[in-house]
>>> print(open('work-v3.cif').read())   # mmCIF, C-alpha atoms
data_model
loop_
_atom_site.group_PDB
_atom_site.id
_atom_site.type_symbol
_atom_site.label_atom_id
_atom_site.label_comp_id
_atom_site.auth_asym_id
_atom_site.auth_seq_id
_atom_site.Cartn_x
_atom_site.Cartn_y
_atom_site.Cartn_z
ATOM 1 C CA MET A 1 55.702 52.443 -39.185
ATOM 2 C CA THR A 2 57.836 55.271 -40.517
ATOM 3 C CA ALA A 3 56.314 56.841 -43.626
ATOM 4 C CA VAL A 4 58.562 57.216 -46.655
ATOM 5 C CA ARG A 5 58.855 60.866 -47.572
ATOM 6 C CA GLU A 6 59.824 61.881 -51.076
ATOM 7 C CA ASP A 7 62.813 63.837 -49.780
ATOM 8 C CA MET A 8 64.240 60.610 -48.314
ATOM 9 C CA LEU A 9 64.438 59.116 -51.806
ATOM 10 C CA ILE A 10 66.291 61.984 -53.443
ATOM 11 C CA PRO A 11 70.019 62.074 -52.628
ATOM 12 C CA LYS A 12 71.504 65.336 -51.453
ATOM 13 C CA ILE A 13 75.132 66.308 -51.949
ATOM 14 C CA GLY A 14 77.372 66.471 -48.910
ATOM 15 C CA ILE A 15 80.979 67.563 -48.652
ATOM 16 C CA VAL A 16 83.525 65.804 -46.449
ATOM 17 C CA THR A 17 85.025 68.486 -44.207
ATOM 18 C CA ASP A 18 87.100 66.317 -41.846
ATOM 19 C CA ILE A 19 88.383 62.733 -41.666
ATOM 20 C CA ARG A 20 89.590 61.162 -38.428
ATOM 21 C CA GLN A 21 91.454 57.843 -38.260
ATOM 22 C CA ASP A 22 89.909 56.159 -35.196
ATOM 23 C CA THR A 23 91.359 52.646 -35.504
ATOM 24 C CA PRO A 24 93.390 50.816 -38.152
ATOM 25 C CA ASP A 25 90.179 50.041 -40.082
ATOM 26 C CA VAL A 26 87.682 52.710 -38.882
ATOM 27 C CA LYS A 27 87.544 56.317 -40.016
ATOM 28 C CA THR A 28 85.074 58.976 -38.906
ATOM 29 C CA PHE A 29 83.875 61.290 -41.676
ATOM 30 C CA ARG A 30 82.461 64.733 -40.945
ATOM 31 C CA VAL A 31 79.924 65.779 -43.578
ATOM 32 C CA ASN A 32 78.367 69.178 -44.249
ATOM 33 C CA ALA A 33 75.837 70.492 -46.712
ATOM 34 C CA LEU A 34 77.322 72.386 -49.634
ATOM 35 C CA ASP A 35 76.245 75.688 -48.087
ATOM 36 C CA GLY A 36 77.404 74.680 -44.609
ATOM 37 C CA GLY A 37 75.599 73.149 -41.654
ATOM 38 C CA LYS A 38 73.890 69.761 -41.601
ATOM 39 C CA VAL A 39 72.480 68.016 -44.643
ATOM 40 C CA PHE A 40 69.295 67.195 -42.666
ATOM 41 C CA GLU A 41 68.081 66.707 -39.099
ATOM 42 C CA HIS A 42 67.915 63.281 -37.425
ATOM 43 C CA MET A 43 67.356 61.538 -34.088
ATOM 44 C CA PRO A 44 69.737 59.153 -32.237
ATOM 45 C CA GLY A 45 69.803 55.729 -33.888
ATOM 46 C CA GLN A 46 68.652 56.832 -37.313
ATOM 47 C CA CYS A 47 70.703 56.013 -40.413
ATOM 48 C CA ALA A 48 71.584 57.547 -43.746
ATOM 49 C CA MET A 49 72.433 56.135 -47.140
ATOM 50 C CA LEU A 50 75.840 57.243 -48.378
ATOM 51 C CA SER A 51 76.879 56.664 -51.952
ATOM 52 C CA ILE A 52 79.636 57.319 -54.417
ATOM 53 C CA PRO A 53 78.057 57.396 -57.888
ATOM 54 C CA GLY A 54 79.421 54.581 -60.025
ATOM 55 C CA VAL A 55 80.697 52.673 -56.986
ATOM 56 C CA GLY A 56 77.737 51.896 -54.759
ATOM 57 C CA GLU A 57 75.475 52.890 -51.903
ATOM 58 C CA ALA A 58 75.197 51.597 -48.332
ATOM 59 C CA MET A 59 73.506 52.297 -45.009
ATOM 60 C CA PHE A 60 75.474 53.804 -42.130
ATOM 61 C CA SER A 61 74.590 55.024 -38.651
ATOM 62 C CA ILE A 62 74.678 58.748 -38.049
ATOM 63 C CA THR A 63 77.098 58.793 -35.144
ATOM 64 C CA SER A 64 76.875 62.481 -34.237
ATOM 65 C CA SER A 65 74.170 63.711 -31.896
ATOM 66 C CA PRO A 66 71.215 65.703 -33.252
ATOM 67 C CA THR A 67 72.174 68.337 -30.674
ATOM 68 C CA ASN A 68 75.188 69.064 -32.892
ATOM 69 C CA LYS A 69 73.843 71.660 -35.328
ATOM 70 C CA GLU A 70 77.069 72.207 -37.260
ATOM 71 C CA PHE A 71 77.766 68.866 -39.009
ATOM 72 C CA MET A 72 77.003 65.145 -39.222
ATOM 73 C CA GLU A 73 79.474 62.325 -38.601
ATOM 74 C CA PHE A 74 79.740 58.725 -39.750
ATOM 75 C CA SER A 75 82.170 56.171 -38.282
ATOM 76 C CA ILE A 76 82.811 53.634 -41.046
ATOM 77 C CA LYS A 77 84.692 50.355 -40.888
ATOM 78 C CA LYS A 78 86.593 49.326 -44.013
ATOM 79 C CA CYS A 79 85.013 46.025 -45.003
ATOM 80 C CA GLY A 80 83.973 46.084 -48.676
ATOM 81 C CA CYS A 81 84.093 47.836 -52.044
ATOM 82 C CA LEU A 82 82.227 51.019 -51.107
ATOM 83 C CA THR A 83 83.949 51.405 -47.741
ATOM 84 C CA GLU A 84 87.337 50.907 -49.443
ATOM 85 C CA TRP A 85 86.485 53.871 -51.685
ATOM 86 C CA LEU A 86 85.253 55.933 -48.750
ATOM 87 C CA HIS A 87 88.479 55.266 -46.856
ATOM 88 C CA GLN A 88 90.424 56.614 -49.829
ATOM 89 C CA MET A 89 88.503 59.902 -49.808
ATOM 90 C CA GLU A 90 90.117 63.205 -48.927
ATOM 91 C CA VAL A 91 88.735 66.323 -47.274
ATOM 92 C CA GLY A 92 86.865 68.423 -49.820
ATOM 93 C CA GLN A 93 85.434 65.525 -51.802
ATOM 94 C CA GLN A 94 81.689 65.008 -52.166
ATOM 95 C CA VAL A 95 79.306 62.148 -51.426
ATOM 96 C CA THR A 96 75.589 61.782 -51.975
ATOM 97 C CA ILE A 97 73.488 61.242 -48.892
ATOM 98 C CA ARG A 98 69.819 60.552 -48.226
ATOM 99 C CA GLY A 99 67.843 60.172 -45.058
ATOM 100 C CA PRO A 100 67.136 60.149 -42.219
ATOM 101 C CA LEU A 101 66.052 56.516 -42.440
ATOM 102 C CA GLY A 102 64.364 54.272 -39.896
ATOM 103 C CA ASN A 103 63.128 54.952 -36.396
ATOM 104 C CA HIS A 104 65.249 56.007 -33.421
ATOM 105 C CA PHE A 105 66.038 55.210 -29.812
ATOM 106 C CA PRO A 106 63.193 56.734 -27.727
ATOM 107 C CA VAL A 107 65.365 59.322 -25.981
ATOM 108 C CA GLU A 108 62.523 61.846 -25.802
ATOM 109 C CA ASP A 109 60.042 59.613 -23.959
ATOM 110 C CA GLU A 110 60.802 56.001 -22.931
ATOM 111 C CA LEU A 111 64.425 56.714 -21.962
ATOM 112 C CA LYS A 112 63.775 60.126 -20.448
ATOM 113 C CA GLY A 113 64.244 60.237 -16.677
ATOM 114 C CA LYS A 114 65.765 56.742 -16.605
ATOM 115 C CA ASN A 115 69.127 55.426 -15.492
ATOM 116 C CA LEU A 116 70.810 54.179 -18.669
ATOM 117 C CA LEU A 117 73.112 51.252 -19.351
ATOM 118 C CA ILE A 118 74.635 51.516 -22.818
ATOM 119 C CA ILE A 119 76.494 48.434 -24.079
ATOM 120 C CA ALA A 120 78.515 48.238 -27.282
ATOM 121 C CA GLY A 121 81.078 46.054 -28.982
ATOM 122 C CA GLY A 122 83.452 47.011 -31.802
ATOM 123 C CA ILE A 123 81.908 49.285 -34.426
ATOM 124 C CA GLY A 124 78.628 48.872 -32.504
ATOM 125 C CA ILE A 125 79.656 52.020 -30.649
ATOM 126 C CA ALA A 126 78.735 54.030 -33.776
ATOM 127 C CA PRO A 127 74.923 54.156 -33.411
ATOM 128 C CA VAL A 128 74.978 54.466 -29.605
ATOM 129 C CA ARG A 129 77.510 57.325 -29.637
ATOM 130 C CA SER A 130 74.659 59.495 -30.889
ATOM 131 C CA VAL A 131 72.513 58.398 -27.936
ATOM 132 C CA ILE A 132 75.310 59.023 -25.428
ATOM 133 C CA ASN A 133 76.103 62.528 -26.641
ATOM 134 C CA TYR A 134 72.411 63.433 -26.924
ATOM 135 C CA CYS A 135 71.955 62.420 -23.271
ATOM 136 C CA ARG A 136 75.127 64.291 -22.239
ATOM 137 C CA ASP A 137 73.839 67.433 -23.926
ATOM 138 C CA ASN A 138 70.492 67.010 -22.143
ATOM 139 C CA ARG A 139 72.065 65.779 -18.912
ATOM 140 C CA ALA A 140 69.293 66.936 -16.561
ATOM 141 C CA ASP A 141 66.756 64.711 -18.372
ATOM 142 C CA TYR A 142 68.483 61.411 -17.478
ATOM 143 C CA GLY A 143 69.749 59.572 -14.420
ATOM 144 C CA THR A 144 73.109 57.834 -14.210
ATOM 145 C CA ILE A 145 74.691 56.717 -17.471
ATOM 146 C CA ASP A 146 76.874 53.605 -17.531
ATOM 147 C CA VAL A 147 78.712 52.729 -20.743
ATOM 148 C CA VAL A 148 80.223 49.285 -21.253
ATOM 149 C CA TYR A 149 82.325 49.096 -24.408
ATOM 150 C CA GLY A 150 84.654 46.394 -25.655
ATOM 151 C CA ALA A 151 86.891 45.798 -28.650
ATOM 152 C CA ARG A 152 89.488 43.276 -29.733
ATOM 153 C CA THR A 153 92.514 45.376 -28.711
ATOM 154 C CA PRO A 154 93.106 48.899 -27.331
ATOM 155 C CA ALA A 155 93.847 50.073 -30.876
ATOM 156 C CA ASP A 156 90.360 48.938 -31.949
ATOM 157 C CA LEU A 157 88.497 51.113 -29.412
ATOM 158 C CA VAL A 158 86.599 53.645 -31.549
ATOM 159 C CA ASP A 159 86.262 57.170 -30.110
ATOM 160 C CA PHE A 160 88.734 56.304 -27.337
ATOM 161 C CA GLN A 161 90.019 59.887 -27.061
ATOM 162 C CA GLU A 162 86.476 61.272 -26.762
ATOM 163 C CA MET A 163 85.723 58.720 -24.052
ATOM 164 C CA GLN A 164 88.782 59.736 -22.038
ATOM 165 C CA GLU A 165 88.517 63.495 -22.491
ATOM 166 C CA GLU A 166 84.741 63.963 -22.402
ATOM 167 C CA TRP A 167 82.657 60.944 -21.376
ATOM 168 C CA MET A 168 84.757 59.987 -18.359
ATOM 169 C CA LYS A 169 84.611 63.587 -17.109
ATOM 170 C CA THR A 170 80.817 63.902 -17.374
ATOM 171 C CA GLU A 171 79.065 64.004 -14.011
ATOM 172 C CA GLY A 172 77.030 60.872 -13.275
ATOM 173 C CA MET A 173 78.554 58.960 -16.197
ATOM 174 C CA ASN A 174 80.735 55.867 -15.791
ATOM 175 C CA VAL A 175 82.691 54.301 -18.658
ATOM 176 C CA HIS A 176 83.743 50.643 -18.388
ATOM 177 C CA LEU A 177 86.177 49.515 -21.106
ATOM 178 C CA THR A 178 87.362 46.005 -21.894
ATOM 179 C CA ILE A 179 89.454 44.285 -24.567
ATOM 180 C CA ASP A 180 89.230 40.682 -25.734
ATOM 181 C CA VAL A 181 92.822 39.622 -25.180
ATOM 182 C CA PRO A 182 95.728 40.944 -23.050
ATOM 183 C CA SER A 183 97.753 43.690 -24.731
ATOM 184 C CA GLU A 184 101.017 45.325 -23.781
ATOM 185 C CA GLY A 185 100.441 48.596 -21.961
ATOM 186 C CA TRP A 186 96.761 47.883 -21.192
ATOM 187 C CA ASP A 187 96.000 47.842 -17.466
ATOM 188 C CA GLY A 188 92.215 47.833 -17.802
ATOM 189 C CA HIS A 189 89.758 44.950 -17.881
ATOM 190 C CA VAL A 190 90.381 42.007 -20.212
ATOM 191 C CA GLY A 191 87.482 39.818 -21.321
ATOM 192 C CA PHE A 192 84.446 39.698 -23.577
ATOM 193 C CA VAL A 193 81.605 42.183 -23.148
ATOM 194 C CA PRO A 194 78.880 39.682 -22.081
ATOM 195 C CA ASN A 195 81.007 38.353 -19.224
ATOM 196 C CA TYR A 196 82.091 41.854 -18.199
ATOM 197 C CA VAL A 197 78.461 42.982 -17.982
ATOM 198 C CA LYS A 198 77.749 40.031 -15.687
ATOM 199 C CA GLU A 199 80.829 40.809 -13.555
ATOM 200 C CA LEU A 200 79.758 44.423 -13.126
ATOM 201 C CA ASN A 201 76.402 43.149 -11.799
ATOM 202 C CA PHE A 202 74.398 46.309 -12.480
ATOM 203 C CA SER A 203 71.215 47.019 -10.556
ATOM 204 C CA THR A 204 68.079 46.404 -12.587
ATOM 205 C CA ASP A 205 66.801 49.990 -12.270
ATOM 206 C CA LYS A 206 68.294 50.783 -15.680
ATOM 207 C CA THR A 207 67.095 50.878 -19.271
ATOM 208 C CA VAL A 208 69.559 49.211 -21.646
ATOM 209 C CA VAL A 209 70.651 50.355 -25.103
ATOM 210 C CA MET A 210 72.811 47.767 -26.858
ATOM 211 C CA CYS A 211 74.598 47.368 -30.187
ATOM 212 C CA GLY A 212 77.350 45.055 -31.408
ATOM 213 C CA PRO A 213 77.996 41.764 -33.178
ATOM 214 C CA PRO A 214 74.992 39.381 -33.053
ATOM 215 C CA ILE A 215 76.891 36.852 -30.909
ATOM 216 C CA MET A 216 77.708 39.590 -28.385
ATOM 217 C CA ILE A 217 74.094 40.724 -28.251
ATOM 218 C CA LYS A 218 72.855 37.157 -27.777
ATOM 219 C CA PHE A 219 75.045 36.368 -24.778
ATOM 220 C CA THR A 220 74.832 39.846 -23.254
ATOM 221 C CA LEU A 221 71.032 39.662 -23.288
ATOM 222 C CA GLN A 222 71.208 36.206 -21.717
ATOM 223 C CA ASN A 223 73.470 37.506 -18.936
ATOM 224 C CA LEU A 224 71.304 40.573 -18.376
ATOM 225 C CA MET A 225 68.262 38.351 -17.909
ATOM 226 C CA GLU A 226 70.195 36.185 -15.450
ATOM 227 C CA CYS A 227 70.902 39.386 -13.516
ATOM 228 C CA GLY A 228 67.186 40.164 -13.354
ATOM 229 C CA PHE A 229 66.627 42.467 -16.332
ATOM 230 C CA ALA A 230 63.487 42.041 -18.439
ATOM 231 C CA LYS A 231 63.382 42.195 -22.230
ATOM 232 C CA THR A 232 61.107 45.228 -21.934
ATOM 233 C CA GLN A 233 64.110 47.123 -20.512
ATOM 234 C CA VAL A 234 66.438 46.442 -23.454
ATOM 235 C CA TYR A 235 66.639 48.183 -26.845
ATOM 236 C CA THR A 236 68.866 47.295 -29.775
ATOM 237 C CA THR A 237 69.360 48.295 -33.398
ATOM 238 C CA MET A 238 69.386 45.841 -36.302
ATOM 239 C CA GLU A 239 70.525 48.078 -39.133
ATOM 240 C CA LEU A 240 72.895 45.478 -40.631
ATOM 241 C CA ARG A 241 69.867 43.871 -42.268
ATOM 242 C CA MET A 242 68.866 47.076 -44.061
ATOM 243 C CA LYS A 243 69.549 47.604 -47.755
ATOM 244 C CA CYS A 244 67.294 50.032 -49.645
ATOM 245 C CA GLY A 245 66.065 51.910 -46.591
ATOM 246 C CA PHE A 246 62.384 52.256 -47.516
ATOM 247 C CA GLY A 247 60.865 48.761 -47.721
ATOM 248 C CA LYS A 248 61.104 48.008 -51.442
ATOM 249 C CA CYS A 249 63.947 45.488 -51.885
ATOM 250 C CA GLY A 250 62.686 43.024 -49.248
ATOM 251 C CA ARG A 251 66.133 42.191 -47.872
ATOM 252 C CA CYS A 252 65.175 43.150 -44.325
ATOM 253 C CA ASN A 253 61.698 41.582 -44.366
ATOM 254 C CA ILE A 254 61.020 39.067 -41.617
ATOM 255 C CA GLY A 255 57.506 37.994 -40.684
ATOM 256 C CA ASP A 256 55.291 41.071 -40.942
ATOM 257 C CA LYS A 257 58.149 43.511 -40.330
ATOM 258 C CA TYR A 258 60.534 45.491 -42.477
ATOM 259 C CA VAL A 259 63.563 46.427 -40.395
ATOM 260 C CA CYS A 260 64.133 49.602 -42.402
ATOM 261 C CA LYS A 261 60.563 50.850 -41.849
ATOM 262 C CA ASP A 262 59.574 49.294 -38.494
ATOM 263 C CA GLY A 263 63.114 49.577 -37.093
ATOM 264 C CA PRO A 264 66.065 49.437 -37.023
ATOM 265 C CA VAL A 265 65.522 50.118 -33.305
ATOM 266 C CA PHE A 266 63.511 47.443 -31.504
ATOM 267 C CA ARG A 267 62.742 46.634 -27.905
ATOM 268 C CA PHE A 268 63.663 43.001 -27.275
ATOM 269 C CA ASP A 269 60.174 41.839 -26.312
ATOM 270 C CA ALA A 270 59.014 42.928 -29.796
ATOM 271 C CA LEU A 271 61.649 40.672 -31.375
ATOM 272 C CA ASP A 272 60.067 37.660 -29.664
ATOM 273 C CA GLN A 273 57.111 38.098 -32.006
ATOM 274 C CA LEU A 274 59.275 37.545 -35.085
ATOM 275 C CA PRO A 275 59.987 34.097 -36.584
ATOM 276 C CA SER A 276 62.708 32.138 -34.786
ATOM 277 C CA GLU A 277 65.129 32.211 -37.737
ATOM 278 C CA TYR A 278 65.584 35.945 -37.185
#
>>> encode(input="work-v3.cif", output="structure tokens")
Amino acid sequence: MTAVREDMLIPKIGIVTDIRQDTPDVKTFRVNALDGGKVFEHMPGQCAMLSIPGVGEAMFSITSSPTNKEFMEFSIKKCGCLTEWLHQMEVGQQVTIRGPLGNHFPVEDELKGKNLLIIAGGIGIAPVRSVINYCRDNRADYGTIDVVYGARTPADLVDFQEMQEEWMKTEGMNVHLTIDVPSEGWDGHVGFVPNYVKELNFSTDKTVVMCGPPIMIKFTLQNLMECGFAKTQVYTTMELRMKCGFGKCGRCNIGDKYVCKDGPVFRFDALDQLPSEY
């Protein structure tokens, strides 16, 4: 269980130094400390609490890799009061930020030396982008990297330019994109992520990192198991259930676990130990 350090509870001030419009409802915010550099260090899969005083506070994935020593990034979908305010921000404005919160994907041990299959849907690309770029920056430590990513339309593919210009040109890395419905000008795959994963029929010598809508995760896991994968090979993150970030509000409590302290990253065989309503 991750211990709660005092410095995680005290918000620090960050300044927004760049804003990128990724999709019609997703923006990526670059955040620096007031004196430059990163507000704090983190590992892939960890989260931070962003807040605008007087408006609210919420948990977001840190989408930049810890190998990036210059800034932190957050890809945020507009879907509520706080995110509406964030999407109205301009470069130079300040936010409060605290973290890092939760555990992380085990890139330094369990994933090291493995072939990786990274699966994401929609804004689920946000937490795994950190994993992907960490592995790219430490390329010699990992085998092949396959990324399967799907969104509703081509316009909804987050980080599409980075995928084309960087990921697809990385040696030993294959990017498989799909959209839910046919769109004019799209000549790639059309179909939902779970079915696409089954069509691709990956060999089972891979460790899987997965994030996306719960329904996508459910059917993708089912299809992976039909292809011969075991639950011990699959990791996911369940940060949507997190609220306070340090085990006090109880929102993420299920059975004997607190997602914010014992997760948000779990291996799927560990989830079998939780009550069925989870």
>>> closest_residue(input="work-v3.cif", among="A:Gly172, A:Pro100, A:Pro24, A:Gly212", to="A:Ala48", atoms="all atoms listed in the file")
A:Pro100
>>> closest_residue(input="work-v3.cif", among="A:Ile15, A:Ala120, A:Val91, A:Ile145", to="A:Pro214", atoms="all atoms listed in the file")
A:Ala120
>>> resolve_selection(input="work-v3.cif", expression="the PyMOL selection byres ((chain A and resi 32) around 9)", output="list of chain:residue names")
A:Ile13, A:Gly14, A:Ile15, A:Val16, A:Thr17, A:Arg30, A:Val31, A:Ala33, A:Leu34, A:Asp35, A:Gly36, A:Gly37, A:Lys38, A:Val39, A:Glu70, A:Phe71, A:Met72, A:Glu73
>>> closest_residue(input="work-v3.cif", among="A:Lys169, A:His176, A:His87, A:Lys114", to="A:Val208", atoms="all atoms listed in the file")
A:Lys114
>>> resolve_selection(input="work-v3.cif", expression="the PyMOL selection byres ((chain A and resi 201) around 12)", output="PyMOL selection string")
chain A and resi 117+146+148+194-200+202-206+223-229
>>> closest_residue(input="work-v3.cif", among="A:Val95, A:Leu221, A:Ala126, A:Val26", to="A:Lys12", atoms="only C-alpha atoms")
A:Val95
>>> resolve_selection(input="work-v3.cif", expression="the PyMOL selection byres ((chain A and resi 128) around 9)", output="list of chain:residue names")
A:Pro44, A:Gly45, A:Thr63, A:Phe105, A:Ile118, A:Ile119, A:Ala120, A:Gly124, A:Ile125, A:Ala126, A:Pro127, A:Arg129, A:Ser130, A:Val131, A:Ile132, A:Asn133, A:Val209, A:Met210, A:Cys211
>>> atom_distance(input="work-v3.cif", atom1="atom CA of A:Leu50", atom2="atom CA of A:Glu166")
28.3 Å
>>> atom_distance(input="work-v3.cif", atom1="atom CA of A:Lys27", atom2="atom CA of A:Tyr149")
18.0 Å
>>> closest_residue(input="work-v3.cif", among="A:Tyr134, A:Phe60, A:Phe40, A:Trp186", to="A:Ser75", atoms="all atoms listed in the file")
A:Phe60
>>> atom_distance(input="work-v3.cif", atom1="atom CA of A:Met216", atom2="atom CA of A:Met49")
25.6 Å
>>> closest_residue(input="work-v3.cif", among="A:Val259, A:Ala155, A:Met163, A:Ala58", to="A:Thr96", atoms="all atoms listed in the file")
A:Ala58
>>> residues_around(input="work-v3.cif", residues="A:Gly150", least_positions_apart="3", cutoff="6 Å", atoms="all atoms listed in the file", output="PyMOL selection string")
chain A and resi 121+177-179+193
>>> write_last_selection(input="work-v3.cif", atoms="C-alpha atoms", output="mmCIF file, in the coordinates of the input")
data_model
loop_
_atom_site.group_PDB
_atom_site.id
_atom_site.type_symbol
_atom_site.label_atom_id
_atom_site.label_comp_id
_atom_site.auth_asym_id
_atom_site.auth_seq_id
_atom_site.Cartn_x
_atom_site.Cartn_y
_atom_site.Cartn_z
ATOM 1 C CA GLY A 121 81.078 46.054 -28.982
ATOM 2 C CA LEU A 177 86.177 49.515 -21.106
ATOM 3 C CA THR A 178 87.362 46.005 -21.894
ATOM 4 C CA ILE A 179 89.454 44.285 -24.567
ATOM 5 C CA VAL A 193 81.605 42.183 -23.148
#
>>> build_atoms(input="work-v3.cif", residues="stretch 151-167 of chain A", atoms="N, CA, C and O atoms", output="PDB file, keeping the file's coordinate frame")
ATOM      1  N   ALA A 151      86.346  46.010 -27.311  1.00  0.00           N
ATOM      2  CA  ALA A 151      86.891  45.798 -28.650  1.00  0.00           C
ATOM      3  C   ALA A 151      87.985  44.740 -28.560  1.00  0.00           C
ATOM      4  O   ALA A 151      88.356  44.308 -27.467  1.00  0.00           O
ATOM      5  N   ARG A 152      88.494  44.352 -29.707  1.00  0.00           N
ATOM      6  CA  ARG A 152      89.488  43.276 -29.733  1.00  0.00           C
ATOM      7  C   ARG A 152      90.771  43.678 -29.025  1.00  0.00           C
ATOM      8  O   ARG A 152      91.325  42.933 -28.224  1.00  0.00           O
ATOM      9  N   THR A 153      91.278  44.867 -29.319  1.00  0.00           N
ATOM     10  CA  THR A 153      92.514  45.376 -28.711  1.00  0.00           C
ATOM     11  C   THR A 153      92.315  46.856 -28.371  1.00  0.00           C
ATOM     12  O   THR A 153      91.343  47.477 -28.836  1.00  0.00           O
ATOM     13  N   PRO A 154      93.220  47.458 -27.604  1.00  0.00           N
ATOM     14  CA  PRO A 154      93.106  48.899 -27.331  1.00  0.00           C
ATOM     15  C   PRO A 154      93.073  49.738 -28.606  1.00  0.00           C
ATOM     16  O   PRO A 154      92.371  50.747 -28.675  1.00  0.00           O
ATOM     17  N   ALA A 155      93.802  49.325 -29.621  1.00  0.00           N
ATOM     18  CA  ALA A 155      93.847  50.073 -30.876  1.00  0.00           C
ATOM     19  C   ALA A 155      92.517  50.044 -31.621  1.00  0.00           C
ATOM     20  O   ALA A 155      92.273  50.875 -32.499  1.00  0.00           O
ATOM     21  N   ASP A 156      91.649  49.083 -31.277  1.00  0.00           N
ATOM     22  CA  ASP A 156      90.360  48.938 -31.949  1.00  0.00           C
ATOM     23  C   ASP A 156      89.220  49.647 -31.234  1.00  0.00           C
ATOM     24  O   ASP A 156      88.062  49.549 -31.653  1.00  0.00           O
ATOM     25  N   LEU A 157      89.517  50.363 -30.141  1.00  0.00           N
ATOM     26  CA  LEU A 157      88.497  51.113 -29.412  1.00  0.00           C
ATOM     27  C   LEU A 157      88.185  52.399 -30.178  1.00  0.00           C
ATOM     28  O   LEU A 157      89.002  53.321 -30.221  1.00  0.00           O
ATOM     29  N   VAL A 158      87.018  52.465 -30.786  1.00  0.00           N
ATOM     30  CA  VAL A 158      86.599  53.645 -31.549  1.00  0.00           C
ATOM     31  C   VAL A 158      86.229  54.768 -30.582  1.00  0.00           C
ATOM     32  O   VAL A 158      85.645  54.528 -29.526  1.00  0.00           O
ATOM     33  N   ASP A 159      86.574  55.987 -30.923  1.00  0.00           N
ATOM     34  CA  ASP A 159      86.262  57.170 -30.110  1.00  0.00           C
ATOM     35  C   ASP A 159      86.929  57.142 -28.741  1.00  0.00           C
ATOM     36  O   ASP A 159      86.425  57.737 -27.775  1.00  0.00           O
ATOM     37  N   PHE A 160      88.073  56.455 -28.626  1.00  0.00           N
ATOM     38  CA  PHE A 160      88.734  56.304 -27.337  1.00  0.00           C
ATOM     39  C   PHE A 160      89.119  57.663 -26.729  1.00  0.00           C
ATOM     40  O   PHE A 160      88.953  57.905 -25.533  1.00  0.00           O
ATOM     41  N   GLN A 161      89.615  58.570 -27.564  1.00  0.00           N
ATOM     42  CA  GLN A 161      90.019  59.887 -27.061  1.00  0.00           C
ATOM     43  C   GLN A 161      88.820  60.657 -26.521  1.00  0.00           C
ATOM     44  O   GLN A 161      88.900  61.292 -25.453  1.00  0.00           O
ATOM     45  N   GLU A 162      87.691  60.597 -27.231  1.00  0.00           N
ATOM     46  CA  GLU A 162      86.476  61.272 -26.762  1.00  0.00           C
ATOM     47  C   GLU A 162      86.007  60.672 -25.438  1.00  0.00           C
ATOM     48  O   GLU A 162      85.582  61.405 -24.534  1.00  0.00           O
ATOM     49  N   MET A 163      86.106  59.370 -25.304  1.00  0.00           N
ATOM     50  CA  MET A 163      85.723  58.720 -24.052  1.00  0.00           C
ATOM     51  C   MET A 163      86.568  59.224 -22.894  1.00  0.00           C
ATOM     52  O   MET A 163      86.047  59.522 -21.809  1.00  0.00           O
ATOM     53  N   GLN A 164      87.876  59.302 -23.102  1.00  0.00           N
ATOM     54  CA  GLN A 164      88.782  59.736 -22.038  1.00  0.00           C
ATOM     55  C   GLN A 164      88.597  61.209 -21.686  1.00  0.00           C
ATOM     56  O   GLN A 164      88.576  61.582 -20.505  1.00  0.00           O
ATOM     57  N   GLU A 165      88.497  62.056 -22.717  1.00  0.00           N
ATOM     58  CA  GLU A 165      88.517  63.495 -22.491  1.00  0.00           C
ATOM     59  C   GLU A 165      87.142  64.092 -22.190  1.00  0.00           C
ATOM     60  O   GLU A 165      87.055  65.173 -21.590  1.00  0.00           O
ATOM     61  N   GLU A 166      86.074  63.392 -22.585  1.00  0.00           N
ATOM     62  CA  GLU A 166      84.741  63.963 -22.402  1.00  0.00           C
ATOM     63  C   GLU A 166      83.813  63.050 -21.602  1.00  0.00           C
ATOM     64  O   GLU A 166      83.280  63.460 -20.571  1.00  0.00           O
ATOM     65  N   TRP A 167      83.628  61.815 -22.041  1.00  0.00           N
ATOM     66  CA  TRP A 167      82.657  60.944 -21.376  1.00  0.00           C
ATOM     67  C   TRP A 167      83.045  60.663 -19.930  1.00  0.00           C
ATOM     68  O   TRP A 167      82.213  60.724 -19.033  1.00  0.00           O
TER      69      TRP A 167
END
